[in-house]
Amino acid sequence: MSHLLPVFLLSSLSYCSCFMDFTCLSDMNPSPGVSLPRGDTFVQVGSSPVTLTCHLNPAHPEYLSGVRAIDLAFQSNLTILKSKVMNETSISSMFIPTVEGVTDISCIILSDNTVYRPLNKGICTQRMLVGHPPSDISSFSCVSSNWESLNCTWSEPPNPVTTKYETHFTTSGTWAGFKRCPARDKIQTMLQQTFPPSLRMCFVNYRTIPQYRHVTRRYVFFFNATNSLAPGGTVYRHTVDHFSVVRPGPAMVRVESMASDMVRVEWNISREMTHFPPGLVQMVRYKSEWFPNMWREVDTAHLNTSQESFSLVLPGQLLPYTLYTVEVTMMTNLPTTPPSLHSPPVLSSVRTQPAPPPRPPTTTLASFEVLLSGETSTVTVYWQSLHPWEQSGPEFTYTVRWVGGQSSAPQKLTQSYAQFTSLPSDESYSFSIASSNSAGTSASVATVSVPPPSTTTTLLPRSVTKIYEEDDIFTLSWLPPISSDLVTSYTLFWCLSTSGKDRPYQCEGYLDWKTITTEQLNGSLSHSLVLPITNSLTPVFQLAVAANTATLSSGMQWTTCTVKSDRGVTTRVSDVTVDTISARSLVVRWRLYCSMRTGLVTGFVLDFCRLDQETGSCLAGSTDSMEVGAGVNSLEIGELTPFSLYQFTIYVQNGVSPLPGHTPHKVTGPPSHPVTTKTLPAPPGSPPVSLAVSQVTSRQARVSWHQPAQPNGKICKYMVEVRNLDKNQWLAVKTVEPNKMEESMVVWSNLTSYTRYQVAVGACTFSPVRECGLCSKIEAKELFTTPVGTPGQATSPVVRLVNSSVVEVEWGTGFQLGAPVVRRWHLSVRRGAQDSAVVTSTVARLRLDLGEVMAEAGWGPGCSNNSVYLEYYAFSVRAEVVNSEGDVFTGPWSDQTVQPVNCTPVLPWAMLVLVLGTTLVVVLAVCACVYCSCSWFREKKDMMKKIGGELDNREIIVVPPPEYLPEYELQPQEEYLESDLEEGQYTVLLRTHKNSSSSQDSGVSSQPPASPPGYSREDSGVSGMSGVSDQDREMSGYTRQDSAVSGFIRQTSSIPSVGSGYISMGESSAPQSPVSALGKSEQAGSTGPGYSVVGHVEPPSQDYVPFTAIRQVKKQNHPGYISLGQVSELVLQPDLVSGAYSRVGARASMLGVNRLEEENYKEPEQNLSESDSRKARPPRDSLETVVKSSTKELSKCPHSRDFTYV
């Protein structure tokens, strides 16, 4: 019943509202109401519920406006608490303190969702603080810094009910008493620093009041905690072991290096800790610069804890030229001291002294690479670098020498390899490698032996491929070498590239390797390597393989590409180039050295597309893809658009999974970096568009167009042509520069009216060399017709004179009429400079009576001047047309046609002149023929008389030939070379003078021959003779011709011998004729064959043949005879050798047969050269010269010199 008493009292008071204070806050007057209990209420957690009431102020406008208790409520953190109505002005609710914390509760007037109370409205607020009685502090700790001060800190537990802690401390001793900690602000002023407000601390030193007592072994702290729930408070005690919380000050440390492997450390404790009763424990550790996270502890158990200074030597084998860092700390020699209370660490560093490197770099049998270049080679020697801590001194380097070489130093030297160039390719090499620094060189050297390159080439592994499996797992795969039967093991190399670049860049990092026998590989040519993990996020390892035999190695074969497996990622092709061949085709080339690796790369995928010139993205529908096999490294792509941007990317298809247990699969790797190129320009592929002809008049037209849809390049000009279809004639071509705007245009002038035209526009683009020469044959064409307009100039009329007063005039219509038809023709007739008239007509032919024209035009009479026989009339014509609007257009006058008109009848002078000229020519021709005939007849008659008279008195010996002898005809030789004859080898026919012994001046000797009958000596004047052979003498009745002119005579068929009209070539005898001009004999004193001897004829007692018996014979003469009928003309030359002569020759097949023919001498033609003239005729010497020459030659002849000149 006790808990209902407050409720009853409150209810009773509510009825006496006039005695109640409705003030909620002091600054709210009047207040709309009040909630009880007012303000902050402290409640212990877990205690009984607290009653809350809210009362409206009856005097407040809110109440007067109609607000009642039913409109009130309690709200906590936006939550409406459950309440009940006590009366029309008050409500009540219960607060249960189950959870520690602070709760704000408000009494509000609920909203009625009207314009008067749209929102909740507060009346009064109160706060409920739920907490607990005071509790002990936490995290109490004290630290004495260098035994000079004491600082204790703690933490007060949180409590919603405000709690106050008062701190006191005391020390041992009778008069110590309780002391308060110094004030915070005084500490901050003394220490010149600020502490956070939340820090609870108690700090004392020698300057504070109370002072710090460093000799006291124990401090006791008391904390009195009070709050509203425990007003009397609670006291808590904490004891501090003073010496165990002392933190010594830093030591003073000195280090020095006495040798390359020795470091001494010396240090002293702080002065304040000199007489510290428990003593100090020393702690020393050190580390090297090569292992910065690896500290080595030094054993200090033997050191006295009460000493002030210490010294020791760092234990272990120290590295030369290494920076060592030594750390010295100390702490109290009490077991209760926490490890954190050691003195501040003091670090000191020193570098050991340098020493020569302990060893050379590590090499293996295969740590070299040979590259052949013709007759020389480049050898690169690799080694495993010394670790940095093994370099042992400054200026570290490697000394590499070619053992036995002329130039022992390498051309390039790094920390990982040495390169020797221009070495003979047919020798083996040996290289020594040593380590050196400023202190000296390593005691030993490493040696690398390189076999002759001709031996190692066949041992090199092929298509070495690096397969990426995991972050630190690689699989090295290769094809066997050519000489794989000799291989006993393989050495696998890996090198961490310091530059982060893969092959073909040289690796300058740390090289390592492992050797695997062929038995361990068990037929497989791939091996997985677990490489060391580095600090780099993307380490690059270069891998290589070498094949080894029992005695030598092939050297290192580096990988050329990386294939990623088990991640759906394959090799990315990096070397992609595009060669532009033409405007519509190009060649894409790429290189992937491992593409021939069996089972790895199975093919390539080439993707390309045409790019938009503005956005750079692929045009819709232009993307294409092509696949090729693994061995292909280029691909030609055609049917492209000229002058367009194309983008190419290449993917690698991988079908390999080399790890055991994995299923082979085919994946496509990432694309290569896109390569963009533009095809070459070409002539436009389409004509200009939107070709239009506008503003057409009878004289000009405007032609406009737009750029072609397929320009295939940058348009440099347009070619505009206009064709006159009526005349089938092209007008001049105009070149138009492209307009920067979309439309280009040209105004074509000088057109003719009512003419059909065709305009053609073609475009040209720049060539790759920036020449405007790529013109398209595709043209845009448009037809148009000019309207009716002024006609062109008519053709000159044709005027025909009918009689002296009537003319017929006609003109053509084949010119530009300017309209479909001519309305009328204007014919102008002019006489002189004054008289003119115009006649109109609708047809192009007109007959005019000049008399009527003169009468109508009022001209004067014609032919008024009697001295003038002609009058000139000028005729010209023009056309007149009209258009549909009725406009009349008249063309220009044609050129005048002048027609003369006779005043009197005209005589036929032309006919008279023609007849007289023809008659005169005929008469002259007849006279010339008669004269020529008479002259020819007279000449022939005189010649025949002369020959007849001479031949009537000529005596010719008739010698019948032997019947059994064949006859021959002498023919002239086609060619005769004077140079073929030796000096003196001429036979000259001497013709007699008029006063000779011959009875007639005929040129033929009438003296009887002195030689016996049957012999005849011929003189041709051409053949050289060297005598008569014995054989010729034995053949009676035959004459041997000079062989020096063989070929002059041809044999003909024999004919019967005729008794008359022939001269018998009798039997041969010794030459007795005095007319012989002998050549050189074959042998001295003998007569050689091949000569014709003309001797003396028989006495005139023999019979003669009269001239009348001589008859003309056929061309084919009988051999062995001279036909007198063949003589066409006798040449009489008293003093000179006649041009008529006989040529005597002999055939080898008819030995001893003489063929003689006399031929006329002909003058050489004018157009022959000098040499041809000499060949065509013999020399013509004087008679005296010939006789002397002949006499000289005959003096050499053994025969009788009796001869007679004829």
# chains A, B, ... in the order shown; residues from 1 in each chain; ligands from 1
>>> select_by_dssp(residues="region 503-739 of chain A", states="strand (DSSP E or B)", output="PyMOL selection string")
chain A and resi 511-517+526-530+541-548+553+557-558+562-564+575-580+586-591+601-611+618+624-629+634-637+645-654+667-668+675-678+689-694+701-706+715-724+729-730+734-736
>>> residues_around(residues="Ala251 (chain A)", least_positions_apart="5", cutoff="9 Å", atoms="only C-alpha atoms", output="count of residues only")
11
>>> closest_residue(among="A:Asn151, A:Thr560, A:Ser704, A:Thr189", to="Cys202 (chain A)", atoms="only C-alpha atoms")
A:Asn151
>>> closest_residue(among="A:Leu511, A:Val545, A:Ile473, A:Ser442", to="Glu369 (chain A)", atoms="only C-alpha atoms")
A:Val545
>>> residues_around(residues="Ala443 (chain A)", least_positions_apart="3", cutoff="12 Å", atoms="only C-alpha atoms", output="list in words")
Ala355, Pro356, Pro357, Pro358, Arg359, Pro360, Pro361, Ile433, Ala434, Ser435, Ser436, Gly440 and Ala446 of chain A
>>> write_last_selection(atoms="all heavy atoms", output="tab-separated table (two decimals), in the first residue's frame")
chain	number	residue	atom	x	y	z
A	355	ALA	N	87.72	-6.32	-47.40
A	355	ALA	CA	88.63	-7.44	-47.62
A	355	ALA	C	88.42	-7.95	-49.04
A	355	ALA	O	87.39	-7.68	-49.68
A	355	ALA	CB	88.35	-8.55	-46.62
A	356	PRO	N	89.35	-8.68	-49.66
A	356	PRO	CA	89.13	-9.23	-50.99
A	356	PRO	C	87.92	-10.16	-51.02
A	356	PRO	O	87.58	-10.79	-50.00
A	356	PRO	CB	90.44	-10.00	-51.28
A	356	PRO	CG	91.45	-9.35	-50.39
A	356	PRO	CD	90.70	-8.97	-49.14
A	357	PRO	N	87.22	-10.23	-52.17
A	357	PRO	CA	86.06	-11.13	-52.24
A	357	PRO	C	86.45	-12.55	-51.92
A	357	PRO	O	87.55	-13.02	-52.27
A	357	PRO	CB	85.61	-10.99	-53.70
A	357	PRO	CG	86.11	-9.66	-54.14
A	357	PRO	CD	87.42	-9.48	-53.42
A	358	PRO	N	85.60	-13.26	-51.22
A	358	PRO	CA	85.98	-14.61	-50.78
A	358	PRO	C	86.00	-15.64	-51.90
A	358	PRO	O	86.65	-16.67	-51.76
A	358	PRO	CB	84.90	-14.94	-49.75
A	358	PRO	CG	83.72	-14.13	-50.17
A	358	PRO	CD	84.28	-12.86	-50.73
A	359	ARG	N	85.27	-15.39	-53.01
A	359	ARG	CA	85.20	-16.40	-54.06
A	359	ARG	C	84.85	-15.73	-55.39
A	359	ARG	O	84.37	-14.59	-55.41
A	359	ARG	CB	84.13	-17.45	-53.73
A	359	ARG	CG	82.73	-16.89	-53.65
A	359	ARG	CD	81.69	-17.95	-53.35
A	359	ARG	NE	80.34	-17.40	-53.34
A	359	ARG	CZ	79.57	-17.27	-54.41
A	359	ARG	NH1	80.04	-17.63	-55.60
A	359	ARG	NH2	78.34	-16.79	-54.30
A	360	PRO	N	85.06	-16.44	-56.52
A	360	PRO	CA	84.60	-15.94	-57.82
A	360	PRO	C	83.11	-16.23	-57.99
A	360	PRO	O	82.51	-16.96	-57.19
A	360	PRO	CB	85.46	-16.74	-58.80
A	360	PRO	CG	85.70	-18.03	-58.11
A	360	PRO	CD	85.83	-17.70	-56.64
A	361	PRO	N	82.50	-15.69	-59.01
A	361	PRO	CA	81.10	-16.02	-59.25
A	361	PRO	C	80.92	-17.48	-59.64
A	361	PRO	O	81.86	-18.14	-60.11
A	361	PRO	CB	80.70	-15.09	-60.40
A	361	PRO	CG	81.97	-14.78	-61.09
A	361	PRO	CD	83.02	-14.75	-60.03
A	433	ILE	N	86.75	-15.92	-65.00
A	433	ILE	CA	85.97	-14.89	-64.32
A	433	ILE	C	86.43	-14.84	-62.87
A	433	ILE	O	86.46	-15.87	-62.18
A	433	ILE	CB	84.46	-15.18	-64.39
A	433	ILE	CG1	84.03	-15.51	-65.82
A	433	ILE	CG2	83.65	-14.01	-63.85
A	433	ILE	CD1	82.64	-16.06	-65.94
A	434	ALA	N	86.77	-13.63	-62.40
A	434	ALA	CA	87.20	-13.44	-61.02
A	434	ALA	C	86.43	-12.27	-60.43
A	434	ALA	O	85.93	-11.40	-61.15
A	434	ALA	CB	88.70	-13.19	-60.93
A	435	SER	N	86.34	-12.25	-59.08
A	435	SER	CA	85.70	-11.14	-58.36
A	435	SER	C	86.78	-10.25	-57.78
A	435	SER	O	87.80	-10.73	-57.28
A	435	SER	CB	84.81	-11.68	-57.24
A	435	SER	OG	83.86	-12.61	-57.75
A	436	SER	N	86.54	-8.94	-57.81
A	436	SER	CA	87.55	-8.02	-57.30
A	436	SER	C	86.88	-6.79	-56.73
A	436	SER	O	85.75	-6.45	-57.11
A	436	SER	CB	88.54	-7.62	-58.41
A	436	SER	OG	87.85	-6.94	-59.45
A	440	GLY	N	91.28	-6.07	-53.30
A	440	GLY	CA	91.98	-7.13	-54.01
A	440	GLY	C	91.04	-7.99	-54.83
A	440	GLY	O	89.86	-7.65	-55.04
A	446	ALA	N	86.70	-18.59	-61.80
A	446	ALA	CA	85.78	-19.53	-62.44
A	446	ALA	C	86.09	-19.58	-63.93
A	446	ALA	O	86.48	-18.57	-64.53
A	446	ALA	CB	84.33	-19.09	-62.21
>>> closest_residue(among="A:Thr98, A:Asn293, A:Thr274, A:Thr163", to="Pro231 (chain A)", atoms="only C-alpha atoms")
A:Thr163
>>> closest_atom_pairs(of="region 382-434 of chain A", to="region 492-496 of chain A", cutoff="12 Å", atoms="only C-alpha atoms", output="CSV")
residue,atom,partner,partner_atom,distance
A:Tyr382,CA,A:Cys495,CA,10.5
A:Trp383,CA,A:Cys495,CA,10.5
A:Gln384,CA,A:Cys495,CA,9.3
A:Ser385,CA,A:Cys495,CA,10.8
A:Ser416,CA,A:Cys495,CA,9.6
A:Tyr417,CA,A:Cys495,CA,11.6
>>> residues_around(residues="region 105-113 of chain A", least_positions_apart="2", cutoff="12 Å", atoms="only C-alpha atoms", output="JSON, numbers by chain")
{"A": [24, 32, 33, 34, 35, 36, 37, 38, 39, 40, 41, 52, 53, 54, 55, 56, 62, 63, 66, 67, 68, 69, 70, 71, 72, 73, 74, 75, 76, 77, 78, 79, 80, 81, 82, 83, 89, 90, 91, 92, 93, 94, 95, 102, 103, 115, 116, 117, 118, 119, 120, 121, 122, 123, 124, 125, 126, 127, 128, 129]}
>>> select_by_dssp(residues="region 234-348 of chain A", states="helix (DSSP H, G or I)", output="ChimeraX atom specification")
/A:243-245,271-273,339-341
>>> atom_distance(atom1="CA of Glu808 (chain A)", atom2="CA of Leu850 (chain A)")
10.3 Å
>>> closest_residue(among="A:Ser138, A:Thr549, A:Thr171, A:Ser497", to="Asp485 (chain A)", atoms="only C-alpha atoms")
A:Thr549
>>> closest_residue(among="A:Arg830, A:Lys941, A:Arg217, A:Arg699", to="Trp748 (chain A)", atoms="only C-alpha atoms")
A:Arg699
>>> closest_residue(among="A:Val759, A:Met854, A:Leu731, A:Val220", to="Gly173 (chain A)", atoms="only C-alpha atoms")
A:Val220
>>> atom_distance(atom1="CA of Leu476 (chain A)", atom2="CA of Thr562 (chain A)")
9.7 Å
>>> residues_around(residues="Ser47 (chain A)", least_positions_apart="2", cutoff="10 Å", atoms="only C-alpha atoms", output="CSV table (one decimal) with N, CA and C atoms, in the first residue's frame")
chain,number,residue,atom,x,y,z
A,43,VAL,N,18.6,7.5,-11.2
A,43,VAL,CA,17.9,6.2,-10.7
A,43,VAL,C,19.0,5.1,-10.8
A,44,GLN,N,19.0,4.2,-9.8
A,44,GLN,CA,19.9,3.1,-9.8
A,44,GLN,C,19.3,2.0,-10.7
A,45,VAL,N,20.2,1.4,-11.5
A,45,VAL,CA,19.7,0.4,-12.4
A,45,VAL,C,19.2,-0.8,-11.6
A,49,PRO,N,10.2,1.0,-10.5
A,49,PRO,CA,9.8,1.9,-11.5
A,49,PRO,C,9.5,3.3,-11.0
A,50,VAL,N,9.7,4.3,-11.8
A,50,VAL,CA,9.5,5.7,-11.5
A,50,VAL,C,8.2,6.2,-12.2
A,96,ILE,N,10.7,2.3,-16.1
A,96,ILE,CA,11.4,1.1,-15.5
A,96,ILE,C,12.9,1.2,-15.8
A,97,PRO,N,13.8,1.4,-14.8
A,97,PRO,CA,15.2,1.5,-15.0
A,97,PRO,C,15.9,0.2,-15.1
A,98,THR,N,15.8,-0.5,-16.2
A,98,THR,CA,16.4,-1.8,-16.4
A,98,THR,C,17.8,-1.7,-17.1
A,130,VAL,N,20.1,6.5,-15.5
A,130,VAL,CA,20.1,5.2,-14.8
A,130,VAL,C,21.5,4.8,-14.7
>>> residues_around(residues="Pro182 (chain A)", least_positions_apart="6", cutoff="12 Å", atoms="only C-alpha atoms", output="list in words")
Leu150, Asn151, Cys152, Thr167, His168, Phe169, Gln188, Thr189, Met190, Met201, Cys202, Phe203, Val204, Asn205, Arg207, Thr208, Ile209, Pro210, Gln211 and Tyr212 of chain A
